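Here's entry-v1.txt, which has compact mmCIF, C-alpha atoms:
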# COMPACT_ATOMS: atom_id res chain seq x y z
CA MET A 17 -44.71 -12.17 -54.40
CA ASN A 18 -44.04 -10.98 -57.95
CA GLY A 19 -40.65 -12.69 -57.87
CA ILE A 20 -42.22 -16.03 -56.93
CA GLU A 21 -44.81 -15.77 -59.74
CA GLU A 22 -42.09 -14.93 -62.25
CA ARG A 23 -40.08 -18.03 -61.25
CA LYS A 24 -43.22 -20.18 -61.61
CA ARG A 25 -43.80 -18.86 -65.12
CA LYS A 26 -40.19 -19.69 -66.06
CA ILE A 27 -40.57 -23.22 -64.69
CA GLN A 28 -43.77 -23.68 -66.71
CA VAL A 29 -41.99 -22.53 -69.90
CA ILE A 30 -39.18 -24.98 -69.27
CA ASN A 31 -41.59 -27.83 -68.58
CA TYR A 32 -43.49 -27.25 -71.82
CA ARG A 33 -40.35 -27.03 -73.98
CA PRO A 34 -40.28 -30.11 -76.23
CA SER A 35 -37.40 -32.55 -75.78
CA ILE A 36 -34.59 -32.87 -78.31
CA HIS A 37 -36.01 -36.22 -79.42
CA THR A 38 -39.47 -34.68 -79.97
CA ARG A 39 -38.01 -31.80 -81.97
CA ARG A 40 -36.00 -34.28 -84.10
CA ALA A 41 -39.07 -36.41 -84.67
CA ASN A 42 -41.11 -33.39 -85.79
CA LEU A 43 -38.37 -32.01 -88.06
CA THR A 44 -39.24 -32.95 -91.65
CA VAL A 45 -36.38 -33.42 -94.10
CA LYS A 46 -36.18 -34.50 -97.74
CA PHE A 47 -33.63 -36.94 -99.06
CA GLN A 48 -33.08 -39.10 -102.16
CA ASP A 49 -32.89 -42.87 -102.28
CA ILE A 50 -30.62 -44.86 -104.62
CA TYR A 51 -33.15 -44.72 -107.46
CA GLY A 52 -33.62 -40.97 -107.42
CA PHE A 53 -36.90 -40.77 -105.52
CA THR A 54 -37.29 -37.84 -103.14
CA VAL A 55 -38.42 -39.18 -99.79
CA GLU A 56 -39.85 -37.10 -96.99
CA GLY A 57 -39.29 -38.11 -93.38
CA ASN A 58 -37.82 -37.10 -90.07
CA VAL A 59 -34.23 -37.25 -88.85
CA ASP A 60 -34.74 -40.77 -87.49
CA ASP A 61 -35.89 -41.92 -90.94
CA VAL A 62 -32.70 -40.52 -92.46
CA ASN A 63 -30.65 -42.43 -89.90
CA VAL A 64 -32.51 -45.64 -90.72
CA LEU A 65 -31.90 -45.11 -94.43
CA ASN A 66 -28.19 -44.53 -93.80
CA GLU A 67 -28.05 -47.75 -91.77
CA VAL A 68 -29.74 -49.60 -94.64
CA ARG A 69 -27.21 -48.21 -97.12
CA GLU A 70 -24.40 -49.48 -94.91
CA LYS A 71 -26.04 -52.92 -94.78
CA VAL A 72 -26.28 -52.90 -98.58
CA ARG A 73 -22.56 -52.04 -98.84
CA GLN A 74 -21.65 -54.85 -96.46
CA GLN A 75 -23.87 -57.30 -98.33
CA GLY A 76 -22.23 -56.18 -101.56
CA ARG A 77 -18.85 -57.31 -100.25
CA VAL A 78 -20.29 -60.80 -99.75
CA TRP A 79 -21.54 -60.92 -103.35
CA TRP A 80 -18.26 -59.63 -104.74
CA SER A 81 -16.39 -62.25 -102.72
CA LEU A 82 -18.56 -65.03 -104.15
CA GLU A 83 -18.11 -63.64 -107.66
CA SER A 84 -14.38 -63.87 -107.09
CA SER A 85 -14.36 -67.39 -105.65
CA LYS A 86 -17.19 -69.11 -107.60
CA GLY A 87 -17.13 -67.19 -110.87
CA ALA A 88 -19.11 -64.30 -112.35
CA ASN A 89 -22.26 -66.32 -113.05
CA TRP A 90 -22.17 -68.76 -110.12
CA TYR A 91 -25.83 -68.02 -109.28
CA LEU A 92 -26.90 -69.57 -112.60
CA GLN A 93 -25.44 -72.92 -111.50
CA THR A 94 -28.35 -73.72 -109.20
CA ARG A 95 -30.03 -76.36 -111.38
CA VAL A 96 -28.42 -79.52 -112.72
CA SER A 97 -29.58 -82.32 -114.96
CA SER A 98 -29.78 -85.92 -113.78
CA THR A 99 -26.82 -86.85 -115.97
CA LEU A 100 -24.36 -84.81 -113.94
CA LYS A 101 -22.29 -86.35 -111.18
CA ALA A 102 -23.41 -86.27 -107.57
CA SER A 103 -20.61 -83.87 -106.64
CA LEU A 104 -21.90 -81.34 -109.16
CA LYS A 105 -25.45 -81.81 -107.86
CA LEU A 106 -24.27 -81.04 -104.35
CA SER A 107 -22.41 -78.02 -105.63
CA ALA A 108 -25.53 -76.74 -107.39
CA LEU A 109 -27.62 -77.39 -104.28
CA ALA A 110 -25.14 -75.46 -102.17
CA ASN A 111 -25.29 -72.58 -104.68
CA ALA A 112 -29.11 -72.61 -104.59
CA ILE A 113 -29.20 -72.46 -100.78
CA THR A 114 -26.58 -69.72 -100.72
CA LEU A 115 -28.42 -67.76 -103.42
CA LYS A 116 -31.77 -67.94 -101.61
CA ARG A 117 -30.19 -66.73 -98.39
CA LEU A 118 -28.35 -63.90 -100.12
CA ILE A 119 -31.38 -62.71 -102.09
CA ARG A 120 -33.41 -62.41 -98.90
CA LYS A 121 -30.67 -60.23 -97.45
CA GLY A 122 -30.64 -58.06 -100.56
CA ILE A 123 -29.01 -58.01 -103.98
CA PRO A 124 -26.53 -55.12 -104.38
CA PRO A 125 -28.02 -52.49 -106.75
CA PRO A 126 -25.20 -52.81 -109.33
CA LEU A 127 -25.90 -56.56 -109.64
CA ARG A 128 -29.69 -56.36 -109.70
CA PRO A 129 -30.09 -55.81 -113.48
CA LYS A 130 -28.07 -58.92 -114.34
CA ILE A 131 -29.44 -61.17 -111.59
CA TRP A 132 -33.07 -60.12 -112.06
CA PHE A 133 -32.81 -60.61 -115.81
CA GLU A 134 -31.30 -64.09 -115.57
CA LEU A 135 -33.21 -65.56 -112.64
CA SER A 136 -36.63 -64.20 -113.62
CA GLY A 137 -36.61 -65.99 -116.95
CA ALA A 138 -36.45 -62.74 -118.94
CA ALA A 139 -33.15 -63.72 -120.56
CA LYS A 140 -34.58 -67.08 -121.65
CA LYS A 141 -37.72 -65.42 -123.03
CA LYS A 142 -35.65 -62.90 -124.99
CA SER A 143 -33.51 -65.69 -126.46
CA THR A 144 -36.56 -67.20 -128.21
CA VAL A 145 -36.90 -64.26 -130.63
CA PRO A 146 -34.52 -62.45 -133.00
CA ASP A 147 -32.08 -59.97 -131.43
CA SER A 148 -33.83 -57.09 -133.20
CA TYR A 149 -37.30 -58.00 -131.84
CA TYR A 150 -37.71 -55.02 -129.50
CA THR A 151 -36.26 -52.49 -131.95
CA ASP A 152 -38.43 -53.81 -134.77
CA LEU A 153 -41.52 -53.75 -132.53
CA ILE A 154 -40.98 -50.12 -131.57
CA LYS A 155 -40.41 -49.10 -135.19
CA ALA A 156 -43.45 -50.99 -136.44
CA THR A 157 -45.78 -49.43 -133.87
CA HIS A 158 -44.46 -45.88 -134.05
CA GLY A 159 -47.20 -43.36 -134.68
CA ILE A 160 -50.08 -45.84 -134.37
CA ALA A 161 -52.83 -44.58 -132.08
CA THR A 162 -54.99 -46.97 -130.10
CA ALA A 163 -57.10 -46.79 -126.96
CA ALA A 164 -54.08 -48.17 -125.10
CA THR A 165 -51.63 -45.57 -126.42
CA LYS A 166 -54.05 -42.76 -125.56
CA GLN A 167 -54.35 -44.00 -121.97
CA ILE A 168 -50.57 -44.40 -121.75
CA ASP A 169 -50.05 -40.81 -122.90
CA HIS A 170 -52.55 -39.68 -120.27
CA ASP A 171 -50.74 -41.58 -117.50
CA LEU A 172 -47.13 -40.68 -118.32
CA PRO A 173 -47.01 -37.34 -116.45
CA ARG A 174 -48.78 -38.95 -113.48
CA THR A 175 -46.17 -41.67 -113.09
CA PHE A 176 -43.87 -40.77 -110.19
CA PRO A 177 -44.16 -37.01 -110.77
CA GLY A 178 -41.14 -35.06 -109.62
CA HIS A 179 -38.67 -37.88 -110.21
CA SER A 180 -35.36 -36.54 -111.47
CA TRP A 181 -35.38 -38.71 -114.63
CA LEU A 182 -38.77 -40.34 -115.05
CA ASP A 183 -40.52 -36.98 -114.97
CA THR A 184 -38.59 -35.62 -117.96
CA LYS A 185 -39.12 -35.79 -121.72
CA GLU A 186 -36.46 -38.49 -121.97
CA GLY A 187 -37.98 -40.51 -119.13
CA HIS A 188 -41.51 -40.18 -120.51
CA ALA A 189 -40.34 -41.26 -123.97
CA ALA A 190 -38.53 -44.35 -122.65
CA LEU A 191 -41.48 -45.38 -120.49
CA ARG A 192 -43.89 -44.81 -123.38
CA ARG A 193 -41.89 -47.06 -125.72
CA VAL A 194 -41.85 -49.90 -123.19
CA LEU A 195 -45.58 -49.66 -122.46
CA VAL A 196 -46.69 -49.13 -126.06
CA GLY A 197 -44.41 -51.93 -127.24
CA TYR A 198 -45.92 -54.38 -124.78
CA SER A 199 -49.48 -53.28 -125.55
CA PHE A 200 -48.90 -54.45 -129.12
CA ARG A 201 -47.06 -57.60 -128.07
CA ASP A 202 -50.03 -58.75 -126.00
CA SER A 203 -53.29 -57.25 -127.23
CA HIS A 204 -55.22 -59.30 -124.64
CA VAL A 205 -53.60 -57.21 -121.91
CA GLY A 206 -52.95 -54.09 -123.97
CA TYR A 207 -52.45 -51.52 -121.25
CA CYS A 208 -53.87 -51.29 -117.76
CA GLN A 209 -53.33 -48.53 -115.23
CA GLY A 210 -50.77 -49.72 -112.74
CA LEU A 211 -48.45 -51.10 -115.39
CA ASN A 212 -46.98 -47.62 -115.80
CA TYR A 213 -45.59 -47.76 -112.25
CA VAL A 214 -44.29 -51.31 -112.68
CA ALA A 215 -42.55 -50.48 -115.97
CA ALA A 216 -41.14 -47.24 -114.56
CA LEU A 217 -39.53 -49.03 -111.64
CA LEU A 218 -38.17 -51.69 -113.98
CA LEU A 219 -36.59 -48.97 -116.09
CA LEU A 220 -34.83 -47.56 -113.04
CA VAL A 221 -33.52 -50.94 -111.94
CA MET A 222 -32.70 -52.54 -115.29
CA LYS A 223 -31.11 -49.38 -116.78
CA THR A 224 -32.07 -50.23 -120.39
CA GLU A 225 -35.43 -50.08 -122.15
CA GLU A 226 -35.10 -53.48 -123.75
CA ASP A 227 -34.27 -55.28 -120.50
CA ALA A 228 -37.16 -53.48 -118.77
CA PHE A 229 -39.46 -54.59 -121.60
CA TRP A 230 -38.49 -58.25 -121.22
CA MET A 231 -38.79 -58.08 -117.44
CA LEU A 232 -42.32 -56.71 -117.89
CA ALA A 233 -43.07 -59.51 -120.36
CA VAL A 234 -41.89 -62.29 -118.05
CA LEU A 235 -43.83 -60.82 -115.12
CA LEU A 236 -47.12 -60.64 -117.03
CA GLU A 237 -46.72 -63.87 -118.98
CA ASP A 238 -44.98 -66.25 -116.57
CA VAL A 239 -44.85 -64.93 -113.00
CA LEU A 240 -48.11 -63.19 -112.05
CA VAL A 241 -51.53 -64.79 -111.81
CA ASN A 242 -53.37 -64.92 -115.15
CA ASP A 243 -55.54 -61.96 -116.21
CA CYS A 244 -54.29 -59.58 -113.53
CA TYR A 245 -54.30 -56.82 -116.14
CA SER A 246 -56.98 -58.01 -118.55
CA ASN A 247 -60.09 -55.96 -119.31
CA ASN A 248 -62.11 -57.40 -116.43
CA LEU A 249 -59.12 -57.59 -114.03
CA SER A 250 -60.26 -61.07 -113.00
CA GLY A 251 -56.81 -62.02 -111.77
CA CYS A 252 -56.67 -58.94 -109.57
CA HIS A 253 -60.12 -59.76 -108.16
CA VAL A 254 -58.86 -63.25 -107.30
CA GLU A 255 -55.87 -61.77 -105.49
CA GLN A 256 -58.17 -59.48 -103.51
CA ARG A 257 -60.32 -62.41 -102.41
CA VAL A 258 -57.27 -64.43 -101.41
CA PHE A 259 -55.96 -61.47 -99.42
CA LYS A 260 -59.29 -61.01 -97.62
CA ASP A 261 -59.48 -64.71 -96.82
CA LEU A 262 -55.94 -64.72 -95.40
CA LEU A 263 -56.70 -61.56 -93.44
CA ALA A 264 -59.72 -63.23 -91.85
CA LYS A 265 -57.71 -66.33 -90.95
CA ASN A 266 -54.60 -64.62 -89.63
CA TYR A 267 -56.07 -61.42 -88.15
CA PRO A 268 -59.69 -62.22 -87.19
CA ARG A 269 -60.03 -59.25 -84.80
CA ILE A 270 -58.93 -56.73 -87.42
CA ASN A 271 -61.11 -58.38 -90.04
CA ALA A 272 -64.18 -58.29 -87.78
CA HIS A 273 -63.56 -54.65 -86.91
CA LEU A 274 -63.19 -53.61 -90.56
CA GLU A 275 -66.37 -55.48 -91.46
CA ALA A 276 -68.19 -53.69 -88.64
CA LEU A 277 -67.05 -50.39 -90.17
CA GLU A 278 -68.19 -51.70 -93.59
CA PHE A 279 -64.69 -51.03 -94.86
CA ASP A 280 -63.67 -52.88 -98.03
CA VAL A 281 -59.90 -53.43 -97.86
CA SER A 282 -59.71 -53.51 -101.65
CA LEU A 283 -60.05 -49.71 -101.54
CA VAL A 284 -56.41 -49.74 -100.43
CA THR A 285 -55.02 -53.10 -101.49
CA THR A 286 -56.02 -52.94 -105.18
CA GLU A 287 -53.23 -50.42 -105.72
CA TRP A 288 -50.78 -52.70 -103.92
CA PHE A 289 -51.41 -55.55 -106.34
CA LEU A 290 -51.86 -53.61 -109.60
CA CYS A 291 -48.70 -51.56 -108.98
CA LEU A 292 -46.82 -54.55 -107.51
CA PHE A 293 -46.05 -52.50 -104.40
CA SER A 294 -44.01 -50.01 -106.43
CA LYS A 295 -45.97 -47.05 -104.97
CA SER A 296 -46.26 -48.31 -101.42
CA MET A 297 -44.81 -51.14 -99.38
CA PRO A 298 -47.01 -52.43 -96.55
CA SER A 299 -45.11 -53.21 -93.38
CA GLU A 300 -46.22 -54.25 -89.92
CA ILE A 301 -49.54 -52.67 -89.00
CA LYS A 302 -50.21 -52.24 -85.29
CA GLU A 303 -53.40 -54.10 -84.55
CA GLY A 304 -54.28 -51.83 -81.65
CA GLU A 305 -54.34 -48.72 -83.83
CA LEU A 306 -56.77 -50.24 -86.32
CA LEU A 307 -59.05 -51.60 -83.60
CA LEU A 308 -59.43 -48.09 -82.17
CA THR A 309 -60.60 -46.58 -85.45
CA GLN A 310 -64.20 -45.44 -85.69
CA GLN A 311 -64.31 -44.13 -89.27
CA ILE A 312 -63.23 -45.43 -92.64
CA GLY A 313 -61.04 -42.36 -93.19
CA ASP A 314 -59.04 -43.21 -90.07
CA VAL A 315 -58.39 -46.73 -91.39
CA ILE A 316 -57.16 -45.37 -94.72
CA ASN A 317 -54.90 -42.83 -93.00
CA ILE A 318 -53.27 -45.53 -90.84
CA LEU A 319 -52.72 -47.86 -93.80
CA GLN A 320 -51.28 -45.10 -95.97
CA LYS A 321 -49.03 -43.82 -93.19
CA THR A 322 -47.70 -47.33 -92.55
CA THR A 323 -47.07 -48.15 -96.19
CA HIS A 324 -45.29 -44.91 -97.03
CA ARG A 325 -42.77 -45.00 -94.19
CA MET A 326 -41.06 -48.30 -94.94
CA PHE A 327 -37.32 -47.74 -95.12
CA ASP A 328 -35.69 -50.87 -93.68
CA PRO A 329 -36.23 -54.07 -95.74
CA ASP A 330 -35.13 -56.19 -92.77
CA ASP A 331 -38.21 -54.99 -90.89
CA LEU A 332 -40.41 -56.16 -93.75
CA LEU A 333 -38.75 -59.58 -93.91
CA THR A 334 -39.05 -60.00 -90.14
CA VAL A 335 -42.79 -59.43 -90.41
CA ALA A 336 -43.11 -61.72 -93.44
CA PHE A 337 -41.14 -64.68 -92.11
CA ASP A 338 -41.26 -64.42 -88.32
CA LYS A 339 -44.58 -62.76 -87.48
CA ILE A 340 -46.97 -63.77 -90.26
CA GLY A 341 -45.41 -67.22 -90.59
CA SER A 342 -44.91 -69.62 -93.46
CA MET A 343 -47.02 -69.00 -96.53
CA THR A 344 -45.79 -71.10 -99.43
CA THR A 345 -46.43 -70.55 -103.11
CA ASN A 346 -48.38 -73.81 -103.11
CA THR A 347 -50.68 -72.51 -100.36
CA ILE A 348 -51.37 -69.28 -102.25
CA SER A 349 -51.98 -71.21 -105.51
CA LYS A 350 -54.58 -73.39 -103.78
CA GLU A 351 -56.27 -70.29 -102.38
CA ARG A 352 -56.39 -68.75 -105.85
CA LYS A 353 -58.01 -71.84 -107.36
CA LYS A 354 -60.55 -71.86 -104.55
CA GLN A 355 -61.53 -68.22 -105.20
CA GLU A 356 -61.57 -68.28 -109.03
CA PRO A 357 -65.10 -69.75 -109.51
CA ALA A 358 -66.71 -67.14 -107.24
CA VAL A 359 -64.85 -64.32 -108.99
CA MET A 360 -65.84 -65.48 -112.47
CA ALA A 361 -69.47 -65.93 -111.40
CA GLU A 362 -69.51 -62.42 -109.95
CA LEU A 363 -67.98 -60.91 -113.09
CA ASP A 364 -70.45 -62.80 -115.31
CA GLU A 365 -73.33 -61.45 -113.23
CA ARG A 366 -71.99 -57.90 -113.58
CA PHE A 367 -71.69 -58.38 -117.33
CA ARG A 368 -75.30 -59.62 -117.58
CA ARG A 369 -76.58 -56.68 -115.54
CA LEU A 370 -74.64 -54.24 -117.69
CA ASN A 371 -76.08 -55.74 -120.87
CA SER A 372 -79.60 -55.65 -119.42
CA PHE A 373 -79.14 -52.01 -118.54
CA LYS A 374 -77.90 -51.21 -122.05
CA ASP A 375 -80.81 -53.12 -123.62
CA GLY A 376 -83.22 -51.16 -121.45
CA GLU A 377 -81.82 -47.86 -122.73
CA THR A 378 -82.21 -48.78 -126.39
Let me see the structure of the file written as structure tokens.
Amino acid sequence: MNGIEERKRKIQVINYRPSIHTRRANLTVKFQDIYGFTVEGNVDDVNVLNEVREKVRQQGRVWWSLESSKGANWYLQTRVSSTLKASLKLSALANAITLKRLIRKGIPPPLRPKIWFELSGAAKKKSTVPDSYYTDLIKATHGIATAATKQIDHDLPRTFPGHSWLDTKEGHAALRRVLVGYSFRDSHVGYCQGLNYVAALLLLVMKTEEDAFWMLAVLLEDVLVNDCYSNNLSGCHVEQRVFKDLLAKNYPRINAHLEALEFDVSLVTTEWFLCLFSKSMPSEIKEGELLLTQQIGDVINILQKTTHRMFDPDDLLTVAFDKIGSMTTNTISKERKKQEPAVMAELDERFRRLNSFKDGET
């Protein structure tokens, strides 16, 4: 009888032993991405990242081949004037289509500084001022203390802490110069929390302070919605309203469930927009998981978990283009214009209440 019981106990031990896949999934490892960030994940995440790196190498060969056949700056030949011949127009159109397709598949890291700088409009913006503009700006503002510079100094050590370069004296100094320089270039914006993460990522990609500065300038002045980083953050409030409206239209069940929980999505999404997704990248969120949540904390945990485990850009693009569907710039612009009056009215009301409260104290 004792022998039978012993065999049963052994069988039970074997049955409860986790599988190799389970042990691999629970094994946490740390690894670095191409920009020096330490990422924590399991063995499967490492494998995904390695697959992505191989895709990037393969895509790089395509870019190098086009550089060889079309010329080093072929991607700049995507717009033509009406005076050029039809054959050149067709050539430019072909380049534009090829460029759009290639960008969606990923620009090789070594080419990103040059291509981002040219195609964003940063190079054109820089060309409108003297070559010494950035150097002169940094010299002229050195040692001047403002509310913006004090906030920048406070945020520097909190910007990607632990990064191998950004979290050093040299990295802090470079980031400070870019942020302080821009705060003086545009006093209307000055400095807003969130810009530190945007500028830091630009420094890592662009490699030089000056190029990062001009990329930041073109983003704030020409690309993003107006007043995203102004004192009242009106542009950011508009983006939040547009996001909520699109959420209600495209995911009505999730929207209704979050409203029932009295959960304001801006608690999570404000960071997405202010940091331009440099701290987290939202991917596909499983509707079933959110619909099962009963507490606000559970919602936040799911959203944070999803946004911090995004390793394969192809997965993100599949969600963006195949699952969510077409969402043109024109559509988003119309949504912004629709939401602007309500946002401004709400901000004006807040301002009046604040003034009334201050008057009541005096």
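CA of Lys121 (chain A) is found 19.6 Å from CA of Ser85 (chain A).
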With a cut-off of 10 Å, could you pull out the residues of region 104-177 of chain A touching region 194-215 of chain A and give me the nearest pair of atoms for each, distance in Å to one decimal, using only C-alpha atoms, ordered by chain and ascending number, as JSON lines?
{"residue": "A:Tyr150", "atom": "CA", "partner": "A:Gly197", "partner_atom": "CA", "distance": 7.7}
{"residue": "A:Thr151", "atom": "CA", "partner": "A:Gly197", "partner_atom": "CA", "distance": 9.4}
{"residue": "A:Asp152", "atom": "CA", "partner": "A:Gly197", "partner_atom": "CA", "distance": 9.8}
{"residue": "A:Leu153", "atom": "CA", "partner": "A:Gly197", "partner_atom": "CA", "distance": 6.3}
{"residue": "A:Ile154", "atom": "CA", "partner": "A:Gly197", "partner_atom": "CA", "distance": 5.8}
{"residue": "A:Lys155", "atom": "CA", "partner": "A:Gly197", "partner_atom": "CA", "distance": 9.3}
{"residue": "A:Ala156", "atom": "CA", "partner": "A:Gly197", "partner_atom": "CA", "distance": 9.3}
{"residue": "A:Thr157", "atom": "CA", "partner": "A:Gly197", "partner_atom": "CA", "distance": 7.2}
{"residue": "A:His158", "atom": "CA", "partner": "A:Val196", "partner_atom": "CA", "distance": 8.9}
{"residue": "A:Ile160", "atom": "CA", "partner": "A:Val196", "partner_atom": "CA", "distance": 9.6}
{"residue": "A:Ala161", "atom": "CA", "partner": "A:Val196", "partner_atom": "CA", "distance": 9.7}
{"residue": "A:Thr162", "atom": "CA", "partner": "A:Val196", "partner_atom": "CA", "distance": 9.5}
{"residue": "A:Ala163", "atom": "CA", "partner": "A:Tyr207", "partner_atom": "CA", "distance": 8.8}
{"residue": "A:Ala164", "atom": "CA", "partner": "A:Tyr207", "partner_atom": "CA", "distance": 5.4}
{"residue": "A:Thr165", "atom": "CA", "partner": "A:Val196", "partner_atom": "CA", "distance": 6.1}
{"residue": "A:Lys166", "atom": "CA", "partner": "A:Val196", "partner_atom": "CA", "distance": 9.7}
{"residue": "A:Gln167", "atom": "CA", "partner": "A:Tyr207", "partner_atom": "CA", "distance": 7.8}
{"residue": "A:Ile168", "atom": "CA", "partner": "A:Leu195", "partner_atom": "CA", "distance": 7.3}
{"residue": "A:Asp169", "atom": "CA", "partner": "A:Val196", "partner_atom": "CA", "distance": 9.5}
{"residue": "A:Asp171", "atom": "CA", "partner": "A:Asn212", "partner_atom": "CA", "distance": 7.3}
{"residue": "A:Leu172", "atom": "CA", "partner": "A:Asn212", "partner_atom": "CA", "distance": 7.4}
{"residue": "A:Arg174", "atom": "CA", "partner": "A:Asn212", "partner_atom": "CA", "distance": 9.2}
{"residue": "A:Thr175", "atom": "CA", "partner": "A:Tyr213", "partner_atom": "CA", "distance": 6.2}
{"residue": "A:Phe176", "atom": "CA", "partner": "A:Tyr213", "partner_atom": "CA", "distance": 7.5}
What is the CA of Gly304 (chain A)-CA of Met326 (chain A) distance in Å, reported with one decimal?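 Atom-to-atom, CA of Gly304 (chain A) and CA of Met326 (chain A) are spaced 19.1 Å apart.
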From the set A:His179, A:Asp243, A:Glu356, A:Val72, which residue has the shortest atom-to-atom contact distance to Gln48 (chain A), counting only C-alpha atoms? A:His179
Please measure the separation of CA of Leu217 (chain A) and CA of Leu263 (chain A), giving the value in Å to one decimal.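 About the pair CA of Leu217 (chain A) and CA of Leu263 (chain A): they are 28.0 Å apart.
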Excluding region 221-224 of chain A and its own-chain neighbours fewer than 6 positions away, which residues fall within 10 Å of it when counting all atoms listed in the file? Please give them as a PyMOL selection string. chain A and resi 50-51+125-133+190+215+231
Shortest interatomic distance to Glu67 (chain A) - which of A:Asp314, A:Glu134, A:Asp330, A:Asp227, counting all atoms listed in the file: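 Distance minimum relative to Glu67 (chain A) lands on A:Asp330.
Here the question is which of A:Gly87, A:Leu363, A:Pro177, A:Arg193 gets nearest to Asn247 (chain A) using all atoms listed in the file, and that residue is A:Leu363.
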Quick one: residues within 9 Å of Asn111 (chain A), all atoms listed in the file counted, chain neighbours fewer than 6 positions away excluded, as a ChimeraX atom specification? /A:90-94
To box region 88-93 of chain A, take all atoms listed in the file, fit an axis-aligned box, add 4 Å on each side, and give centre and edge lengths in Å to one decimal, as lines of an AutoDock Vina configuration file.
center_x = -23.0
center_y = -68.6
center_z = -111.2
size_x = 15.8
size_y = 16.6
size_z = 11.8
Is it possible to get the residues within 10 Å of (-23.8, -58.9, -101.4) (coordinates as in the file, counting only C-alpha atoms) written as a PDB file with C-alpha atoms, in the coordinates of the input?
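Saved to result05.pdb:
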ATOM      1  CA  LYS A  71     -26.040 -52.920 -94.780  1.00  0.00           C
ATOM      2  CA  VAL A  72     -26.280 -52.900 -98.580  1.00  0.00           C
ATOM      3  CA  ARG A  73     -22.560 -52.040 -98.840  1.00  0.00           C
ATOM      4  CA  GLN A  74     -21.650 -54.850 -96.460  1.00  0.00           C
ATOM      5  CA  GLN A  75     -23.870 -57.300 -98.330  1.00  0.00           C
ATOM      6  CA  GLY A  76     -22.230 -56.180-101.560  1.00  0.00           C
ATOM      7  CA  ARG A  77     -18.850 -57.310-100.250  1.00  0.00           C
ATOM      8  CA  VAL A  78     -20.290 -60.800 -99.750  1.00  0.00           C
ATOM      9  CA  TRP A  79     -21.540 -60.920-103.350  1.00  0.00           C
ATOM     10  CA  TRP A  80     -18.260 -59.630-104.740  1.00  0.00           C
ATOM     11  CA  SER A  81     -16.390 -62.250-102.720  1.00  0.00           C
ATOM     12  CA  LEU A  82     -18.560 -65.030-104.150  1.00  0.00           C
ATOM     13  CA  GLU A  83     -18.110 -63.640-107.660  1.00  0.00           C
ATOM     14  CA  LEU A 118     -28.350 -63.900-100.120  1.00  0.00           C
ATOM     15  CA  ILE A 119     -31.380 -62.710-102.090  1.00  0.00           C
ATOM     16  CA  LYS A 121     -30.670 -60.230 -97.450  1.00  0.00           C
ATOM     17  CA  GLY A 122     -30.640 -58.060-100.560  1.00  0.00           C
ATOM     18  CA  ILE A 123     -29.010 -58.010-103.980  1.00  0.00           C
ATOM     19  CA  PRO A 124     -26.530 -55.120-104.380  1.00  0.00           C
ATOM     20  CA  PRO A 125     -28.020 -52.490-106.750  1.00  0.00           C
ATOM     21  CA  LEU A 127     -25.900 -56.560-109.640  1.00  0.00           C
TER      22      LEU A 127
END
